[in-house]
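Trainee: For reference, this is model_11.cif, and it has mmCIF, C-alpha atoms.
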```cif
data_protein
loop_
_atom_site.label_atom_id
_atom_site.label_comp_id
_atom_site.auth_asym_id
_atom_site.auth_seq_id
_atom_site.Cartn_x
_atom_site.Cartn_y
_atom_site.Cartn_z
CA MET G 224 196.05 182.39 80.85
CA LYS G 225 197.39 185.29 82.86
CA ALA G 226 195.30 188.36 83.57
CA ASN G 227 197.71 190.70 81.75
CA GLU G 228 197.52 188.50 78.61
CA ILE G 229 193.72 188.61 78.72
CA MET G 230 193.77 192.40 79.11
CA SER G 231 196.28 192.71 76.28
CA LYS G 232 194.13 190.64 73.90
CA ALA G 233 190.96 192.49 74.93
CA SER G 234 192.68 195.82 74.40
CA GLY G 235 193.91 194.71 70.98
CA ALA G 236 190.43 193.56 69.97
CA LEU G 237 188.88 196.84 71.11
CA ASN G 238 191.51 198.85 69.25
CA LYS G 239 190.87 196.82 66.10
CA ILE G 240 187.12 197.41 66.40
CA GLY G 241 187.69 201.11 67.05
CA PHE G 242 189.93 201.41 64.00
CA GLY G 243 187.34 199.62 61.87
CA LEU G 244 184.59 201.97 63.07
CA LYS G 245 186.79 204.99 62.40
CA LYS G 246 187.58 203.68 58.92
CA ARG G 247 183.89 203.16 58.17
CA SER G 248 182.70 206.30 59.93
CA PRO G 249 181.66 208.13 56.70
CA GLU G 250 179.46 205.22 55.61
CA ILE G 251 178.04 204.82 59.13
CA LEU G 252 177.27 208.54 59.41
CA VAL G 253 175.58 208.63 55.99
CA ALA G 254 173.50 205.55 56.78
CA ALA G 255 172.49 207.02 60.15
CA GLY G 256 171.65 210.33 58.48
CA VAL G 257 169.48 208.72 55.81
CA VAL G 258 167.64 206.53 58.31
CA GLY G 259 167.22 209.47 60.68
CA THR G 260 165.81 211.66 57.90
CA VAL G 261 163.24 209.04 56.96
CA VAL G 262 162.25 208.50 60.61
CA SER G 263 161.95 212.25 61.21
CA ALA G 264 159.66 212.55 58.18
CA VAL G 265 157.47 209.73 59.53
CA MET G 266 157.37 211.39 62.96
CA ALA G 267 156.42 214.71 61.36
CA CYS G 268 153.57 213.04 59.46
CA LYS G 269 152.36 211.39 62.65
CA ALA G 270 152.53 214.72 64.51
CA THR G 271 150.51 216.37 61.74
CA THR G 272 147.55 214.13 62.54
CA LYS G 273 147.36 215.76 65.99
CA ILE G 274 147.31 219.35 64.73
CA GLY G 275 143.54 219.29 64.33
CA THR G 276 143.00 218.83 68.08
CA ILE G 277 145.27 221.78 68.93
CA LEU G 278 143.66 224.00 66.31
CA ASP G 279 140.15 223.09 67.47
CA GLU G 280 141.03 223.89 71.10
CA THR G 281 142.58 227.18 70.05
CA LYS G 282 139.57 228.11 67.92
CA GLU G 283 137.21 227.31 70.78
CA GLN G 284 139.15 229.54 73.21
CA LEU G 285 139.26 232.39 70.71
CA ASP G 286 135.54 232.07 70.02
CA GLN G 287 134.83 232.37 73.76
CA ILE G 288 137.01 235.47 74.03
CA HIS G 289 135.26 237.06 71.07
CA GLU G 290 131.84 236.04 72.44
CA TYR G 291 132.37 237.71 75.82
CA THR G 292 134.18 240.79 74.56
CA GLY G 293 131.98 243.84 74.98
CA THR G 294 128.75 241.87 75.60
CA PRO G 295 125.94 243.88 77.33
CA ASP G 296 124.63 240.81 79.14
CA ALA G 297 125.35 241.31 82.86
CA GLU G 298 125.13 237.56 83.53
CA LYS G 299 128.06 236.95 81.24
CA LYS G 300 131.62 237.95 81.89
CA GLN G 301 132.43 241.07 79.95
CA TYR G 302 135.91 241.51 78.39
CA SER G 303 137.46 244.87 77.84
CA VAL G 304 139.28 245.42 74.58
CA GLU G 305 142.65 245.38 76.40
CA ASP G 306 141.83 242.09 78.17
CA SER G 307 140.61 240.58 74.92
CA LYS G 308 143.89 241.41 73.15
CA ARG G 309 145.94 240.11 76.06
CA ASP G 310 144.07 236.79 76.30
CA THR G 311 144.12 236.37 72.51
CA ALA G 312 147.91 236.74 72.55
CA ILE G 313 148.14 234.19 75.39
CA VAL G 314 146.01 231.69 73.46
CA TYR G 315 148.16 232.07 70.35
CA ALA G 316 151.33 231.71 72.42
CA GLN G 317 150.02 228.54 74.08
CA ALA G 318 149.06 227.14 70.67
CA GLY G 319 152.57 227.90 69.38
CA VAL G 320 154.16 226.12 72.34
CA LYS G 321 151.94 223.07 71.79
CA LEU G 322 152.83 222.96 68.10
CA ALA G 323 156.54 223.34 68.90
CA LYS G 324 156.39 220.47 71.40
CA LEU G 325 154.48 218.41 68.85
CA TYR G 326 157.13 218.82 66.12
CA ALA G 327 160.22 219.16 68.33
CA PRO G 328 161.20 215.44 68.23
CA SER G 329 160.95 215.20 64.43
CA VAL G 330 162.72 218.54 63.86
CA GLY G 331 165.47 217.63 66.33
CA LEU G 332 165.99 214.25 64.72
CA GLY G 333 166.03 215.87 61.29
CA ILE G 334 168.73 218.34 62.37
CA LEU G 335 170.84 215.51 63.81
CA SER G 336 170.41 213.49 60.61
CA ILE G 337 171.52 216.37 58.39
CA SER G 338 174.46 217.05 60.72
CA SER G 339 175.44 213.39 60.42
CA ILE G 340 175.48 213.56 56.61
CA LEU G 341 177.46 216.82 56.65
CA ALA G 342 179.96 215.31 59.11
CA SER G 343 180.44 212.34 56.76
CA ASN G 344 181.11 214.69 53.87
CA ASN G 345 183.60 216.64 55.97
CA ILE G 346 185.51 213.45 56.85
CA LEU G 347 185.67 212.41 53.20
CA ARG G 348 186.89 215.87 52.15
CA LYS G 349 189.70 215.73 54.70
CA ARG G 350 190.67 212.23 53.61
CA ASN G 351 190.67 213.22 49.94
CA ALA G 352 192.82 216.24 50.73
CA ALA G 353 195.28 214.03 52.62
CA LEU G 354 195.38 211.52 49.73
CA ALA G 355 195.95 214.32 47.22
CA THR G 356 198.83 215.64 49.30
CA ALA G 357 200.35 212.17 49.63
CA TYR G 358 199.98 211.57 45.89
CA ALA G 359 201.66 214.90 45.10
CA VAL G 360 204.64 213.98 47.27
CA VAL G 361 204.99 210.52 45.67
CA ASP G 362 204.53 211.90 42.15
CA ARG G 363 207.10 214.64 42.68
CA GLY G 364 209.58 212.12 44.11
CA PHE G 365 209.08 209.78 41.13
CA LYS G 366 209.60 212.59 38.62
CA GLU G 367 212.77 213.69 40.39
CA TYR G 368 214.00 210.09 40.37
CA ARG G 369 213.40 209.79 36.61
CA ASP G 370 215.19 213.09 36.02
CA ARG G 371 218.23 211.77 37.90
CA VAL G 372 218.17 208.54 35.86
CA VAL G 373 218.05 210.50 32.59
CA GLU G 374 220.80 212.83 33.76
CA ARG G 375 223.15 210.02 34.78
CA PHE G 376 222.37 207.22 32.32
CA GLY G 377 220.48 208.86 29.47
CA LYS G 378 216.91 208.70 28.19
CA GLU G 379 217.35 205.28 26.61
CA VAL G 380 218.04 203.69 29.99
CA ASP G 381 215.04 205.52 31.43
CA HIS G 382 212.86 204.01 28.70
CA GLN G 383 214.22 200.54 29.32
CA LEU G 384 213.45 200.78 33.03
CA ARG G 385 210.13 202.54 32.54
CA TYR G 386 208.71 200.04 30.04
CA ASN G 387 210.66 197.07 31.40
CA ILE G 388 212.28 196.59 28.00
CA LYS G 389 214.40 193.46 27.60
CA ALA G 390 216.58 192.34 24.73
CA THR G 391 215.11 189.15 23.28
CA GLU G 392 216.49 186.90 20.55
CA VAL G 393 213.98 186.09 17.84
CA GLU G 394 214.13 184.03 14.65
CA GLU G 395 213.09 185.71 11.43
CA THR G 396 212.66 184.39 7.89
CA ILE G 397 214.23 186.59 5.18
CA THR G 398 214.81 186.29 1.45
CA ASP G 399 218.39 186.67 0.26
CA GLU G 400 219.63 188.15 -3.01
CA LYS G 401 219.16 184.84 -4.81
CA GLY G 402 215.53 184.60 -3.79
CA LYS G 403 216.06 181.87 -1.26
CA GLU G 404 214.42 182.02 2.13
CA LYS G 405 216.53 181.52 5.19
CA LYS G 406 216.09 181.96 8.91
CA VAL G 407 218.24 184.38 10.85
CA LYS G 408 218.38 185.31 14.49
CA LYS G 409 218.44 188.85 15.78
CA ASN G 410 218.00 190.71 19.05
CA VAL G 411 214.94 192.92 19.49
CA GLU G 412 213.64 195.08 22.32
CA VAL G 413 210.45 193.70 23.84
CA ALA G 414 208.46 195.82 26.29
CA ASP G 415 206.31 194.68 29.19
CA PRO G 416 202.63 195.01 28.13
CA ASN G 417 201.68 195.57 31.78
CA ALA G 418 203.89 198.60 32.37
CA SER G 419 202.66 200.62 35.33
CA GLY G 420 201.73 204.28 35.58
CA TYR G 421 199.99 206.13 32.77
CA VAL G 422 201.82 204.29 29.98
CA LYS G 423 199.66 203.30 27.01
CA TYR G 424 200.57 201.17 24.01
CA PHE G 425 199.38 202.28 20.57
CA THR G 426 198.85 198.96 18.75
CA ARG G 427 196.89 197.42 15.89
CA SER G 428 193.86 197.13 18.14
CA ASN G 429 193.64 200.93 18.27
CA PRO G 430 190.96 202.40 15.95
CA TYR G 431 193.46 204.99 14.63
CA TRP G 432 196.17 202.46 13.76
CA GLU G 433 197.60 202.31 10.24
CA ASP G 434 200.25 199.94 8.89
CA ASP G 435 202.23 202.94 7.61
CA SER G 436 204.52 203.87 10.51
CA SER G 437 205.07 207.39 9.17
CA TYR G 438 201.31 207.96 9.30
CA VAL G 439 201.12 206.73 12.92
CA GLU G 440 203.99 209.01 13.97
CA MET G 441 202.41 211.96 12.16
CA PHE G 442 199.06 211.22 13.85
CA LEU G 443 200.65 211.14 17.31
CA ARG G 444 202.45 214.45 16.70
CA ALA G 445 199.24 216.04 15.43
CA GLN G 446 197.29 214.89 18.49
CA GLN G 447 200.03 216.17 20.78
CA ASN G 448 199.83 219.59 19.10
CA TYR G 449 196.05 219.56 19.39
CA ALA G 450 196.30 218.65 23.09
CA ASN G 451 198.64 221.62 23.66
CA ASP G 452 196.28 223.99 21.86
CA LYS G 453 193.37 222.72 23.95
CA LEU G 454 195.40 223.09 27.15
CA LYS G 455 196.21 226.72 26.37
CA ALA G 456 192.60 227.48 25.46
CA ASP G 457 190.92 225.74 28.41
CA LYS G 458 193.74 226.28 30.97
CA HIS G 459 193.38 222.66 32.06
CA LEU G 460 193.28 219.26 30.40
CA THR G 461 192.49 215.85 31.87
CA LEU G 462 194.35 212.69 30.96
CA ASN G 463 191.05 211.09 29.95
CA ALA G 464 190.58 213.82 27.33
CA VAL G 465 193.96 212.90 25.82
CA TYR G 466 193.15 209.19 26.04
CA ASP G 467 190.01 209.91 24.03
CA MET G 468 192.03 211.78 21.38
CA LEU G 469 194.27 208.75 20.95
CA GLY G 470 191.56 206.07 20.94
CA PHE G 471 192.35 204.68 24.41
CA LYS G 472 189.76 203.72 27.00
CA GLU G 473 189.24 206.23 29.80
CA ASN G 474 189.84 205.26 33.43
CA LYS G 475 189.14 206.60 36.93
CA ALA G 476 192.60 208.09 37.45
CA GLY G 477 192.32 209.99 34.17
CA MET G 478 189.35 211.92 35.55
CA VAL G 479 191.49 213.86 38.04
CA VAL G 480 195.01 213.62 36.58
CA GLY G 481 196.17 215.92 33.83
CA TRP G 482 197.74 219.27 33.04
CA ILE G 483 197.28 222.86 34.22
CA TYR G 484 198.28 225.83 32.05
CA ASP G 485 199.55 228.41 34.50
CA LEU G 486 202.94 230.06 34.13
CA ASP G 487 203.05 230.54 37.93
CA HIS G 488 202.28 226.88 38.63
CA PRO G 489 205.17 225.54 40.74
CA ASN G 490 205.15 221.94 39.46
CA GLY G 491 203.58 222.25 36.01
CA ASP G 492 205.30 222.04 32.61
CA ASN G 493 202.59 224.12 30.87
CA TYR G 494 202.71 221.79 27.88
CA VAL G 495 201.64 218.27 26.91
CA GLU G 496 204.29 215.82 25.78
CA PHE G 497 203.87 212.28 24.50
CA ASP G 498 207.09 210.45 25.28
CA VAL G 499 206.84 208.00 22.35
CA LYS G 500 209.08 204.98 21.80
CA LYS G 501 208.65 202.28 19.18
CA VAL G 502 208.78 198.83 20.79
CA LEU G 503 207.68 195.24 20.31
CA LEU G 504 204.99 193.58 22.40
CA PRO G 505 204.21 189.87 22.83
CA ASN G 506 201.03 188.81 21.02
CA GLU G 507 198.59 185.96 21.55
CA GLN G 508 200.21 183.87 18.79
CA GLY G 509 203.49 183.69 20.66
CA GLY G 510 205.19 186.20 18.41
CA TYR G 511 205.68 189.94 18.62
CA GLU G 512 203.90 192.94 17.18
CA GLU G 513 204.95 196.53 16.63
CA ALA G 514 203.65 199.11 19.09
CA TYR G 515 204.31 202.64 20.27
CA ALA G 516 204.79 203.10 23.99
CA ILE G 517 203.40 206.46 25.06
CA ASP G 518 204.07 208.05 28.42
CA PHE G 519 202.53 211.38 29.44
CA ASN G 520 204.16 214.22 31.38
CA VAL G 521 201.08 214.87 33.53
CA ASP G 522 201.28 217.53 36.25
CA GLY G 523 199.51 215.22 38.67
CA ASN G 524 196.16 215.59 40.42
CA ILE G 525 194.55 218.75 38.99
CA TYR G 526 191.00 218.19 40.30
CA ASN G 527 191.21 220.76 43.11
CA GLU G 528 192.75 223.33 40.79
CA MET G 529 190.03 222.85 38.16
CA ILE G 530 187.31 223.82 40.69
#
```
Spell out the structure here as structure tokens.

Mentor:
Amino acid sequence: MKANEIMSKASGALNKIGFGLKKRSPEILVAAGVVGTVVSAVMACKATTKIGTILDETKEQLDQIHEYTGTPDAEKKQYSVEDSKRDTAIVYAQAGVKLAKLYAPSVGLGILSISSILASNNILRKRNAALATAYAVVDRGFKEYRDRVVERFGKEVDHQLRYNIKATEVEETITDEKGKEKKVKKNVEVADPNASGYVKYFTRSNPYWEDDSSYVEMFLRAQQNYANDKLKADKHLTLNAVYDMLGFKENKAGMVVGWIYDLDHPNGDNYVEFDVKKVLLPNEQGGYEEAYAIDFNVDGNIYNEMI
């Protein structure tokens, strides 16, 4: 193997390791900070056991100063008041230096550990800000794309693409005018149950479902009106809050995605809209069941604007 090939592979391996460390830097910094904090606490406890020696030495020196200050005994060294104050200050200063040296390693390590944790938080904040910006760009581009589809082909085509609706031929048993049953074939629109985005399907499994379609449609309109009232009152509304109104399970994205009520908001609609379409979904029995596809006109990530 040639030397330049070896250097190239070594360089690639080092770059890969460096990228991995950079990627994991928040976790590494937090772990180092936690370990460092624990170690600094242990060091501080160990240093505390040596305080007694320093305090005893200091007390002994102060006692000597006080003993010889102003004593009438000529055989003993006599301190003047000024000398006594000066030496007392020196003793206290020396004691302070000793205590500082005693705790300096633990305090220094503690400061480094806290700085490590704060640095990790700073990295995560920058990454979250970058992700929020990237999401806003993608979300805005997707909305503009859908608007162009609606403008050129109509809302029905947008629904078909959005929910991946396909015309499917099904066989149905009906009763004719003479009371006889017969099978007929017809085309129905069947949606993809795994549609992406924030699409939810209101089906029989929903706790608010009723067999009366007019009741379901009335319920959805009422919840949409309630969501708009809540948005105007609270000035913000998360998607999870709307999911809860409609009997859907909450998810992680719904915690930060939603609506902002602000007439000066550049990208907001200032209202909640359920884009509802009645569709059929495949069921476990191999047939199809009625459902209502609901898409939400969320403004996007509103977490930063809520706080």

Trainee: Is it possible to get the residues within 12 Å of (174.9, 214.2, 60.3) (coordinates as in the file, counting all atoms listed in the file) written as a JSON list (two decimals) with C-alpha atoms, in the frame of the given file?

Mentor:
```
[["chain", "number", "residue", "atom", "x", "y", "z"],
["G", 248, "SER", "CA", 182.70, 206.30, 59.93],
["G", 249, "PRO", "CA", 181.66, 208.13, 56.70],
["G", 250, "GLU", "CA", 179.46, 205.22, 55.61],
["G", 251, "ILE", "CA", 178.04, 204.82, 59.13],
["G", 252, "LEU", "CA", 177.27, 208.54, 59.41],
["G", 253, "VAL", "CA", 175.58, 208.63, 55.99],
["G", 254, "ALA", "CA", 173.50, 205.55, 56.78],
["G", 255, "ALA", "CA", 172.49, 207.02, 60.15],
["G", 256, "GLY", "CA", 171.65, 210.33, 58.48],
["G", 257, "VAL", "CA", 169.48, 208.72, 55.81],
["G", 258, "VAL", "CA", 167.64, 206.53, 58.31],
["G", 259, "GLY", "CA", 167.22, 209.47, 60.68],
["G", 260, "THR", "CA", 165.81, 211.66, 57.90],
["G", 331, "GLY", "CA", 165.47, 217.63, 66.33],
["G", 332, "LEU", "CA", 165.99, 214.25, 64.72],
["G", 333, "GLY", "CA", 166.03, 215.87, 61.29],
["G", 334, "ILE", "CA", 168.73, 218.34, 62.37],
["G", 335, "LEU", "CA", 170.84, 215.51, 63.81],
["G", 336, "SER", "CA", 170.41, 213.49, 60.61],
["G", 337, "ILE", "CA", 171.52, 216.37, 58.39],
["G", 338, "SER", "CA", 174.46, 217.05, 60.72],
["G", 339, "SER", "CA", 175.44, 213.39, 60.42],
["G", 340, "ILE", "CA", 175.48, 213.56, 56.61],
["G", 341, "LEU", "CA", 177.46, 216.82, 56.65],
["G", 342, "ALA", "CA", 179.96, 215.31, 59.11],
["G", 343, "SER", "CA", 180.44, 212.34, 56.76],
["G", 344, "ASN", "CA", 181.11, 214.69, 53.87],
["G", 345, "ASN", "CA", 183.60, 216.64, 55.97],
["G", 346, "ILE", "CA", 185.51, 213.45, 56.85]]
```

Trainee: Between CA of Leu469 (chain G) and CA of Ile483 (chain G), what is the distance, to one decimal in Å?

Mentor: 19.6 Å

Trainee: Selection in question (the file shown): the PyMOL selection byres ((chain G and resi 459) around 9). Which residues does it include, as a list in words?

Mentor: Lys453, Leu454, Lys455, Ala456, Asp457, Lys458, Leu460, Thr461, Gly481, Trp482, Ile483, Tyr484, Asp485, Ile525, Glu528 and Met529 of chain G

Trainee: Report as an MDAnalysis selection string the residues that result from applying the PyMOL selection byres ((chain G and resi 281) around 12) to the structure here.

Mentor: chainID G and resid 274:280 282:288 310:322

Trainee: One decimal, Å: what's the distance from CA of Gly477 (chain G) over to CA of Val495 (chain G), could you say?

Mentor: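 CA of Val495 (chain G) lies 14.4 Å from CA of Gly477 (chain G).
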
Trainee: Of the residues G:Asn410, G:Gln446, G:Asn351, G:Asn493, which is the one nearest to Asp522 (chain G), using only C-alpha atoms?

Mentor: G:Asn493

Trainee: Go through G:Ala327, G:Leu504, G:Val261, G:Val304 one by one, measure the shortest atom-to-atom distance of each to Tyr424 (chain G) using all atoms listed in the file, and give the residue with the smallest value.

Mentor: G:Leu504

Trainee: Could you check how far CA of Tyr526 (chain G) sits from CA of Val373 (chain G), in Å to one decimal?

Mentor: 29.2 Å

Trainee: Hey, what's within 10 Å of Thr271 (chain G) if we count only C-alpha atoms and toss same-chain stuff fewer than 6 positions away? As a ChimeraX atom specification, please?

Mentor: /G:265,322,325-326

Trainee: Which one is closest to Gln447 (chain G): G:Arg371, G:Thr272, G:Ala355, G:Met468? Count all atoms listed in the file.

Mentor: G:Met468

Trainee: Of the candidates G:Glu374, G:Arg309, G:Tyr421, G:Asp415, which shows the shortest atom-to-atom distance to Glu473 (chain G), using only C-alpha atoms?

Mentor: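 Of all the options, G:Tyr421 lies closest to Glu473 (chain G).
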
Trainee: Tell me which of G:Gly402, G:Ala267, G:Asn417, G:Ala353 sits closest to Lys324 (chain G), counting all atoms listed in the file.

Mentor: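 So, comparing all the options, the nearest one is G:Ala267.
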
Trainee: So which residues fall inside 12 Å of (192.6, 206.3, 24.5) if we count all atoms listed in the file? Mind giving them as a list in words?

Mentor: Tyr421, Val422, Lys423, Tyr424, Phe425, Thr426, Ser428, Asn429, Pro430, Tyr431, Trp432, Leu443, Gln446, Leu462, Asn463, Ala464, Val465, Tyr466, Asp467, Met468, Leu469, Gly470, Phe471, Lys472, Glu473, Asn474, Gly477 and Ile517 of chain G

Trainee: What does the PyMOL selection byres ((chain G and resi 514) around 6) select in this file, as a PyMOL selection string?

Mentor: chain G and resi 425-426+501-503+513+515

Trainee: From the set G:Thr356, G:Pro416, G:Met478, G:Glu404, which residue has the shortest atom-to-atom contact distance to Glu507 (chain G), counting all atoms listed in the file?

Mentor: G:Pro416
